[in-house]
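Report on one structure; see the data block that follows.
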Amino acid sequence: MAPIVSVSNLSKTYASGFKALKGVSLDIEEGEILALLGPNGAGKTTLISIICGIVNPSGGTVMVGGHDVVRDFRETRAMIGLVPQELTTDAFETVWNTVTFSRGLHGRKPNPDHIEKVLKDLSLWDKKDNMLRELSGGMKRRVLIAKALSHEPRVLFLDEPTAGVDVNLRKSMWDVVERLRASGVTIILTTHYIEEAEEIADRIGVINGGEILLVEDKAALMSKLGRKQLRVDLAHPLDDVPDVLSSYNLTLEGDGHCLIYDYDTSAERTGITTLLAALAEAGIRLKDISTRQSSLEDIFVEIVGAGR
Amino acid sequence: MNIEAVKSIYFFEMARTRRTLLQSVVSPVISTSLYFIVFGAAIGGRIQEIDGVSYGAFITPGLMMLTLLTQCIGNGSFGIYFPKFTGTIYEVLSSPVSMVEIVLGYVGAAATKGLMIGTIILLTASLFVDLTIAHPFVMVFFFVLTAISFSLFGFIIGIWAKDFEQLNLIPMLVIPPLVFLGGSFYSVKMLPPFWQAVSHFNPVLYLISGFRWSFFEVSDVNPIFSAVIILAFLMICMSVLAWIFRTGYRLRN
């Protein structure tokens, strides 16, 4: 199946001379959730802005649903919903009016039933007649999502949707995202909460300095880059790793109280059993054993750090 | 053509007018009434007729133009500047609307509001003075074309402005002198020859003169000239906008 969004060799240089994107290529499959991770200023928002039509590209092309975003902007923008990073709302408008406005702007005929459903899904129904300035930050965020969903988009961009949103609301927002995905909507999100990406995304893209460093299936990425660590707490401290254990590539930490063993979960043999046997043979007494898997955050820090 | 979008923008903008009804409608009525009391009744009583027209009636077209220009520039610029300022412009820019449709929505609403207020002033004026409109179609021609072209002009200012000071610069500093020195309250023939010559470089003079001609058949310049000037101004504004949209100037770059 052809990708729903296809970015090729996209570049953007702002008038100030700042190169926000340097030849980015990226394919997004229909129905997936792609999380774009990257430090501040990496180019995430510029990339999204070009796909959505807010910023003109300097070079390269973007296709959405088989249409070019510059030439066939009517087709592509009608397919896209965008939730921007900033909480930008018309302070003096009511929730109902602003969401209805968004639908009309996208060329869709009025459909109060759909707007009602969107507002109810986002727990905004009882606020529909409130002015936006009367709402809390979290509610404004939901209004922005409602606006983006008002015209029934096929592709939804969520730019840092959970920044400054409390835990409960974040959970309910991810429920909405889950439901959208179930209905076939493709979702691209950027976030600083890496554990969120880890939880809900199908694929992870890492962008830094205007370049895509990698795009991988989340599970594959985790197993490829995710290492596991065995931590052995010792009853008596060691000065050095004994020579008999040298083949395990152990490191000694905690003033000699702790041995660290890195292993690969996907390897045929992890080497844990033989290591424990070797420890017993060497007469080293253990106090405790624990394992730890590197999180997406560790992976992210590693990739971005290596790119510097 | 994305008609739904044009309608959405237009009615969204008109809704703001409804919300600020007092300030939008009542204040021009009050200020016009003040002009008529001061210039029409108090001072005007001591001024002889100008070109056979009583002074109170003579200033009516000028007052309408003064308000129309200020309102259209104000609404046209604010309508597009405010979303730029708050950031809600992202939505318009990411919608399937062409720049022509954006202009139709915003400028259409700004011009409509200007025309509404201009009409209110005309009605208010008719309470104070006897008014006859000699050439109603010509009057509507100048009225509508001025509203559209100055709303476009305001829209350009709104795109250009980077802050509120710039937004107010032209409406506050440039337009009032042009309108006041363009013969709103007098005939330029009353000026010394030198200032008469200078006045002819003021484009607003042609608007007011042509507009006044449609009422009383008296004018400072040939009304054909006036029509040419307003059409030329409209073309200039449209060309500038076309350039803005082609380059994405201050919107998409």
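By order in the structure tokens, chains are A, B, ...; within a chain, residues start at 1; ligands start at 1, following the order shown.
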_Using DSSP secondary structure from the backbone, list all strand (DSSP E) positions within segment 121-286 of chain A, as a ChimeraX atom specification._
/A:155-159,186-190,203-208,211-217,228-234,251-253,258-263,286
*Near Val38 of chain B, within 12 Å and counting only C-alpha atoms, which residues show up once chain neighbours fewer than 5 positions away are dropped, as a count of residues only?*
12
*asked:* For a test of reading the model, state the distance in Å between atom CA of Asp298 of chain A and atom CA of Glu216 of chain A, rounded to one decimal.
replied: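 For atom CA of Asp298 of chain A relative to atom CA of Glu216 of chain A, the distance reads 15.6 Å.
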*Between atom CA of Asp202 of chain A and atom CA of Gly65 of chain A, distance in Å (one decimal)*: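 Value for the atom CA of Asp202 of chain A-atom CA of Gly65 of chain A distance: 19.7 Å.
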What are the closest atom pairs, with distances in Å to one decimal, for all residues of chain B lying within 10 Å of chain A? Consider only C-alpha atoms, order rows by chain and residue number, and present the result as CSV.
```
residue,atom,partner,partner_atom,distance
B:Met1,CA,A:Gly107,CA,9.2
B:Asn2,CA,A:Gly107,CA,5.6
B:Ile3,CA,A:Gly107,CA,7.0
B:Glu4,CA,A:Gly107,CA,4.9
B:Ala5,CA,A:Leu105,CA,4.0
B:Val6,CA,A:Leu105,CA,7.5
B:Lys7,CA,A:Gly104,CA,7.7
B:Ser8,CA,A:Gly104,CA,5.4
B:Ile9,CA,A:Leu105,CA,7.2
B:Phe11,CA,A:Phe101,CA,9.0
B:Phe12,CA,A:Phe101,CA,7.2
B:Ala15,CA,A:Glu93,CA,9.2
B:Arg16,CA,A:Phe92,CA,8.7
B:Arg19,CA,A:Phe92,CA,9.0
B:Phe82,CA,A:Asp90,CA,9.2
B:Pro83,CA,A:Asp90,CA,7.9
B:Phe85,CA,A:Thr88,CA,9.6
B:Thr86,CA,A:Thr88,CA,6.0
B:Gly87,CA,A:Thr88,CA,5.4
B:Thr88,CA,A:Thr88,CA,5.4
B:Ile89,CA,A:Ile54,CA,9.0
B:Tyr90,CA,A:Ile54,CA,6.3
B:Glu91,CA,A:Ser102,CA,7.6
B:Val92,CA,A:Leu105,CA,7.2
B:Leu93,CA,A:Ile54,CA,5.2
B:Ser94,CA,A:Gly53,CA,5.1
B:Ser95,CA,A:His106,CA,5.4
B:Pro96,CA,A:Arg74,CA,4.2
B:Val97,CA,A:Arg74,CA,6.7
B:Ser98,CA,A:Arg74,CA,8.1
B:Ile102,CA,A:Leu105,CA,9.7
B:Thr247,CA,A:Asn56,CA,9.2
B:Gly248,CA,A:Asn56,CA,7.6
B:Leu251,CA,A:Val55,CA,8.0
B:Arg252,CA,A:Val55,CA,4.6
B:Asn253,CA,A:Val55,CA,5.9
```
*Using atom CA of Lys113 of chain B and atom CA of Ala232 of chain B as the two end points, give the distance in Å to one decimal.*
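Atom CA of Ala232 of chain B lies 22.9 Å from atom CA of Lys113 of chain B.
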For segment 124-126 of chain A, list every protein, DNA or RNA residue within 12 Å, evaluated using only C-alpha atoms, and leave out those in the same chain fewer than 2 positions away; present the list as a compact mmCIF listing (two decimals) with N, CA and C atoms, in the first residue's frame.
```
# COMPACT_ATOMS: atom_id res chain seq x y z
N THR A 94 -17.13 31.13 21.57
CA THR A 94 -17.58 29.98 22.35
C THR A 94 -16.98 28.71 21.74
N VAL A 95 -16.96 27.66 22.56
CA VAL A 95 -16.41 26.38 22.10
C VAL A 95 -17.16 25.91 20.85
N TRP A 96 -18.46 25.98 20.90
CA TRP A 96 -19.28 25.51 19.77
C TRP A 96 -18.94 26.28 18.49
N VAL A 99 -15.39 25.50 17.01
CA VAL A 99 -15.27 24.17 16.40
C VAL A 99 -16.07 24.12 15.09
N ASP A 113 -24.46 17.19 14.38
CA ASP A 113 -24.36 15.89 15.05
C ASP A 113 -22.91 15.47 15.23
N ILE A 115 -20.26 17.49 15.30
CA ILE A 115 -19.62 18.38 16.27
C ILE A 115 -20.01 17.95 17.70
N GLU A 116 -21.27 17.59 17.85
CA GLU A 116 -21.73 17.16 19.18
C GLU A 116 -20.97 15.91 19.62
N LYS A 117 -20.79 14.98 18.69
CA LYS A 117 -20.09 13.73 19.02
C LYS A 117 -18.64 14.03 19.43
N VAL A 118 -17.99 14.89 18.64
CA VAL A 118 -16.59 15.23 18.94
C VAL A 118 -16.49 15.87 20.33
N LEU A 119 -17.39 16.81 20.60
CA LEU A 119 -17.33 17.50 21.89
C LEU A 119 -17.61 16.53 23.05
N LYS A 120 -18.53 15.61 22.82
CA LYS A 120 -18.84 14.63 23.88
C LYS A 120 -17.66 13.69 24.09
N ASP A 121 -17.04 13.25 22.98
CA ASP A 121 -15.87 12.36 23.09
C ASP A 121 -14.76 13.01 23.91
N LEU A 122 -14.65 14.31 23.81
CA LEU A 122 -13.56 15.02 24.49
C LEU A 122 -14.03 15.64 25.81
N LYS A 128 -19.87 23.75 25.89
CA LYS A 128 -19.99 24.19 24.49
C LYS A 128 -20.36 25.67 24.36
N ASP A 129 -21.06 26.23 25.35
CA ASP A 129 -21.44 27.64 25.25
C ASP A 129 -20.51 28.57 26.01
N ASN A 130 -19.45 27.99 26.58
CA ASN A 130 -18.49 28.84 27.31
C ASN A 130 -17.54 29.53 26.34
N LEU A 132 -13.88 30.69 25.23
CA LEU A 132 -12.62 29.95 25.38
C LEU A 132 -11.75 30.52 26.49
N LEU A 135 -11.91 28.83 29.89
CA LEU A 135 -11.51 27.43 30.05
C LEU A 135 -10.09 27.31 30.61
N SER A 136 -9.85 26.16 31.26
CA SER A 136 -8.51 25.88 31.77
C SER A 136 -7.62 25.47 30.60
N GLY A 138 -5.97 22.75 30.06
CA GLY A 138 -6.25 21.39 29.56
C GLY A 138 -7.48 21.36 28.68
N MET A 139 -8.47 22.14 29.04
CA MET A 139 -9.69 22.18 28.23
C MET A 139 -9.43 22.86 26.89
N LYS A 140 -8.62 23.92 26.93
CA LYS A 140 -8.28 24.58 25.66
C LYS A 140 -7.59 23.58 24.73
N ARG A 141 -6.72 22.78 25.30
CA ARG A 141 -6.02 21.77 24.51
C ARG A 141 -7.04 20.85 23.85
N ARG A 142 -8.07 20.47 24.62
CA ARG A 142 -9.09 19.58 24.06
C ARG A 142 -9.90 20.29 22.98
N VAL A 143 -10.12 21.59 23.16
CA VAL A 143 -10.83 22.35 22.12
C VAL A 143 -10.03 22.31 20.82
N LEU A 144 -8.70 22.45 20.94
CA LEU A 144 -7.86 22.41 19.73
C LEU A 144 -7.97 21.05 19.06
N ILE A 145 -8.06 19.99 19.87
CA ILE A 145 -8.22 18.65 19.28
C ILE A 145 -9.59 18.56 18.60
N ALA A 146 -10.61 19.10 19.28
CA ALA A 146 -11.97 19.07 18.70
C ALA A 146 -11.99 19.81 17.37
N LYS A 147 -11.29 20.96 17.30
CA LYS A 147 -11.24 21.72 16.05
C LYS A 147 -10.59 20.86 14.95
```
*For segment 207-216 of chain B, please output as a ChimeraX atom specification all residues within 8 Å (counting only C-alpha atoms; exclusion window: fewer than 6 positions along the same chain).*
/B:53,58,61-62,65,131-136,138-139,142-143,146,182-184,222-224,226-227,229-230
Selected residues, C-alpha atoms, written as a tab-separated table (two decimals), in the first residue's frame, please.
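See result37.tsv below for the written result:
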```
chain	number	residue	atom	x	y	z
B	53	VAL	CA	-24.98	73.65	-0.77
B	58	PHE	CA	-21.78	69.76	2.30
B	61	PRO	CA	-20.15	63.00	2.19
B	62	GLY	CA	-16.82	63.97	3.76
B	65	MET	CA	-15.76	58.99	3.78
B	131	LEU	CA	-30.09	65.53	1.93
B	132	THR	CA	-30.79	64.66	-1.64
B	133	ILE	CA	-28.68	62.24	-3.64
B	134	ALA	CA	-28.52	63.43	-7.21
B	135	HIS	CA	-26.88	60.31	-8.63
B	136	PRO	CA	-27.66	57.33	-6.37
B	138	VAL	CA	-22.69	56.88	-8.70
B	139	MET	CA	-22.96	57.33	-4.95
B	142	PHE	CA	-17.97	55.29	-4.87
B	143	PHE	CA	-19.30	54.04	-1.56
B	146	THR	CA	-14.01	52.80	-1.51
B	182	GLY	CA	-8.80	66.14	1.32
B	183	GLY	CA	-11.69	68.52	1.65
B	184	SER	CA	-13.97	66.69	4.07
B	222	ASN	CA	-13.84	65.97	-12.42
B	223	PRO	CA	-15.78	62.95	-11.07
B	224	ILE	CA	-14.39	60.82	-13.90
B	226	SER	CA	-12.26	60.40	-9.08
B	227	ALA	CA	-13.55	57.13	-10.52
B	229	ILE	CA	-8.31	57.14	-8.99
B	230	ILE	CA	-10.40	54.77	-6.91
```
*So which residues touch segment 245-257 of chain A within 9 Å, counting only C-alpha atoms, skipping near sequence neighbours fewer than 6 positions away, as a PyMOL selection string?*
chain A and resi 232-239+271+275+278-279+282
*Near Trp160 of chain B, within 12 Å and counting only C-alpha atoms, which residues show up once chain neighbours fewer than 3 positions away are dropped, as an MDAnalysis selection string?*
chainID B and resid 77:78 80:81 84:85 153:157 163:170 240:241 244 248:251
Go ahead and save the residues from that selection, with C-alpha atoms, as a CSV table (one decimal), in the first residue's frame.
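Result file is again-v2.csv:
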```
chain,number,residue,atom,x,y,z
B,77,SER,CA,-6.2,45.2,9.3
B,78,PHE,CA,-7.5,43.9,12.6
B,80,ILE,CA,-6.1,39.4,9.7
B,81,TYR,CA,-3.7,40.8,12.3
B,84,LYS,CA,-1.6,36.4,13.4
B,85,PHE,CA,-1.1,37.9,16.9
B,153,PHE,CA,-5.5,48.2,2.0
B,154,GLY,CA,-6.2,47.5,5.7
B,155,PHE,CA,-5.8,43.8,5.0
B,156,ILE,CA,-2.3,44.5,3.6
B,157,ILE,CA,-1.4,46.6,6.6
B,163,ASP,CA,3.1,44.7,16.3
B,164,PHE,CA,0.2,46.9,17.4
B,165,GLU,CA,2.2,50.0,16.9
B,166,GLN,CA,2.7,49.3,13.2
B,167,LEU,CA,-0.9,48.2,12.9
B,168,ASN,CA,-2.0,51.6,14.1
B,169,LEU,CA,0.6,53.7,12.3
B,170,ILE,CA,-1.1,54.2,9.0
B,240,VAL,CA,0.3,44.1,-3.8
B,241,LEU,CA,-1.9,41.3,-2.4
B,244,ILE,CA,2.0,38.8,-1.0
B,248,GLY,CA,4.0,34.0,1.3
B,249,TYR,CA,5.3,37.3,2.7
B,250,ARG,CA,4.9,37.4,6.5
B,251,LEU,CA,2.5,34.6,6.4
```
*Of the candidates A:Ile4, A:Leu47, A:Leu36, A:Ala280, which one gets nearest to Gly184 of chain A if we count only C-alpha atoms?*
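For Gly184 of chain A, the nearest of the candidates is A:Ile4.
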_Backbone-only DSSP, helix (DSSP H, G or I) members of segment 33-126 of chain B, as an NGL selection string_ = :B and (33-46 or 55-86 or 89-93 or 99-126)
Go ahead and dump the residues you just picked, C-alpha atoms, as an mmCIF file, in the first residue's frame.
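The resulting again.cif:
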```cif
data_model
loop_
_atom_site.group_PDB
_atom_site.id
_atom_site.type_symbol
_atom_site.label_atom_id
_atom_site.label_comp_id
_atom_site.auth_asym_id
_atom_site.auth_seq_id
_atom_site.Cartn_x
_atom_site.Cartn_y
_atom_site.Cartn_z
ATOM 1 C CA SER B 33 -23.851 63.722 15.774
ATOM 2 C CA LEU B 34 -21.122 65.719 17.498
ATOM 3 C CA TYR B 35 -19.703 66.808 14.144
ATOM 4 C CA PHE B 36 -23.142 67.980 13.068
ATOM 5 C CA ILE B 37 -23.793 69.830 16.291
ATOM 6 C CA VAL B 38 -20.401 71.559 16.204
ATOM 7 C CA PHE B 39 -19.831 72.067 12.473
ATOM 8 C CA GLY B 40 -23.396 71.945 11.246
ATOM 9 C CA ALA B 41 -25.365 73.837 13.874
ATOM 10 C CA ALA B 42 -22.876 75.955 15.847
ATOM 11 C CA ILE B 43 -20.208 76.956 13.323
ATOM 12 C CA GLY B 44 -22.030 75.998 10.137
ATOM 13 C CA GLY B 45 -24.745 78.574 10.840
ATOM 14 C CA ARG B 46 -22.142 81.278 10.337
ATOM 15 C CA TYR B 55 -22.585 73.658 5.040
ATOM 16 C CA GLY B 56 -24.211 70.857 7.084
ATOM 17 C CA ALA B 57 -25.135 68.969 3.924
ATOM 18 C CA PHE B 58 -21.782 69.763 2.297
ATOM 19 C CA ILE B 59 -19.785 67.989 5.001
ATOM 20 C CA THR B 60 -21.968 64.837 5.026
ATOM 21 C CA PRO B 61 -20.150 62.999 2.193
ATOM 22 C CA GLY B 62 -16.817 63.970 3.759
ATOM 23 C CA LEU B 63 -17.892 62.624 7.135
ATOM 24 C CA MET B 64 -19.087 59.401 5.553
ATOM 25 C CA MET B 65 -15.756 58.987 3.776
ATOM 26 C CA LEU B 66 -13.803 59.816 6.927
ATOM 27 C CA THR B 67 -15.608 57.090 8.826
ATOM 28 C CA LEU B 68 -15.655 54.633 5.935
ATOM 29 C CA LEU B 69 -11.900 54.900 5.412
ATOM 30 C CA THR B 70 -11.087 54.611 9.109
ATOM 31 C CA GLN B 71 -13.488 51.729 9.672
ATOM 32 C CA CYS B 72 -12.495 49.740 6.596
ATOM 33 C CA ILE B 73 -8.783 50.076 7.258
ATOM 34 C CA GLY B 74 -9.314 49.285 10.935
ATOM 35 C CA ASN B 75 -11.479 46.233 10.320
ATOM 36 C CA GLY B 76 -9.477 44.978 7.377
ATOM 37 C CA SER B 77 -6.194 45.183 9.251
ATOM 38 C CA PHE B 78 -7.454 43.919 12.614
ATOM 39 C CA GLY B 79 -9.308 40.990 11.066
ATOM 40 C CA ILE B 80 -6.111 39.413 9.743
ATOM 41 C CA TYR B 81 -3.659 40.842 12.294
ATOM 42 C CA PHE B 82 -5.490 39.480 15.335
ATOM 43 C CA PRO B 83 -5.243 35.797 14.293
ATOM 44 C CA LYS B 84 -1.595 36.443 13.441
ATOM 45 C CA PHE B 85 -1.098 37.934 16.888
ATOM 46 C CA THR B 86 -2.887 35.174 18.812
ATOM 47 C CA ILE B 89 -3.867 31.992 11.848
ATOM 48 C CA TYR B 90 -2.363 28.481 11.754
ATOM 49 C CA GLU B 91 -5.832 27.145 11.165
ATOM 50 C CA VAL B 92 -6.593 29.357 8.184
ATOM 51 C CA LEU B 93 -3.183 28.605 6.670
ATOM 52 C CA MET B 99 -5.759 33.220 -0.719
ATOM 53 C CA VAL B 100 -8.601 34.613 -2.823
ATOM 54 C CA GLU B 101 -11.080 32.904 -0.515
ATOM 55 C CA ILE B 102 -9.301 34.222 2.577
ATOM 56 C CA VAL B 103 -9.517 37.744 1.156
ATOM 57 C CA LEU B 104 -13.185 37.335 0.202
ATOM 58 C CA GLY B 105 -13.998 36.306 3.766
ATOM 59 C CA TYR B 106 -11.951 38.877 5.678
ATOM 60 C CA VAL B 107 -12.181 41.815 3.299
ATOM 61 C CA GLY B 108 -15.835 41.096 2.555
ATOM 62 C CA ALA B 109 -16.645 41.297 6.263
ATOM 63 C CA ALA B 110 -14.554 44.445 6.774
ATOM 64 C CA ALA B 111 -16.181 46.176 3.804
ATOM 65 C CA THR B 112 -19.666 45.114 4.908
ATOM 66 C CA LYS B 113 -19.100 46.579 8.335
ATOM 67 C CA GLY B 114 -17.743 49.805 6.856
ATOM 68 C CA LEU B 115 -20.759 50.097 4.553
ATOM 69 C CA MET B 116 -23.148 49.444 7.443
ATOM 70 C CA ILE B 117 -21.591 52.201 9.506
ATOM 71 C CA GLY B 118 -21.426 54.553 6.527
ATOM 72 C CA THR B 119 -25.123 54.003 5.978
ATOM 73 C CA ILE B 120 -25.865 54.631 9.650
ATOM 74 C CA ILE B 121 -23.986 57.928 9.381
ATOM 75 C CA LEU B 122 -25.979 58.872 6.303
ATOM 76 C CA LEU B 123 -29.189 58.158 8.190
ATOM 77 C CA THR B 124 -27.983 60.082 11.237
ATOM 78 C CA ALA B 125 -26.978 63.001 9.021
ATOM 79 C CA SER B 126 -30.408 63.056 7.402
#
```
*Using only C-alpha atoms, determine which residues lie at most 6 Å from segment 186-196 of chain A, disregarding the query and same-chain residues fewer than 2 positions distant; provide the list as a PyMOL selection string.*
chain A and resi 30-37+155-160+198-199+297
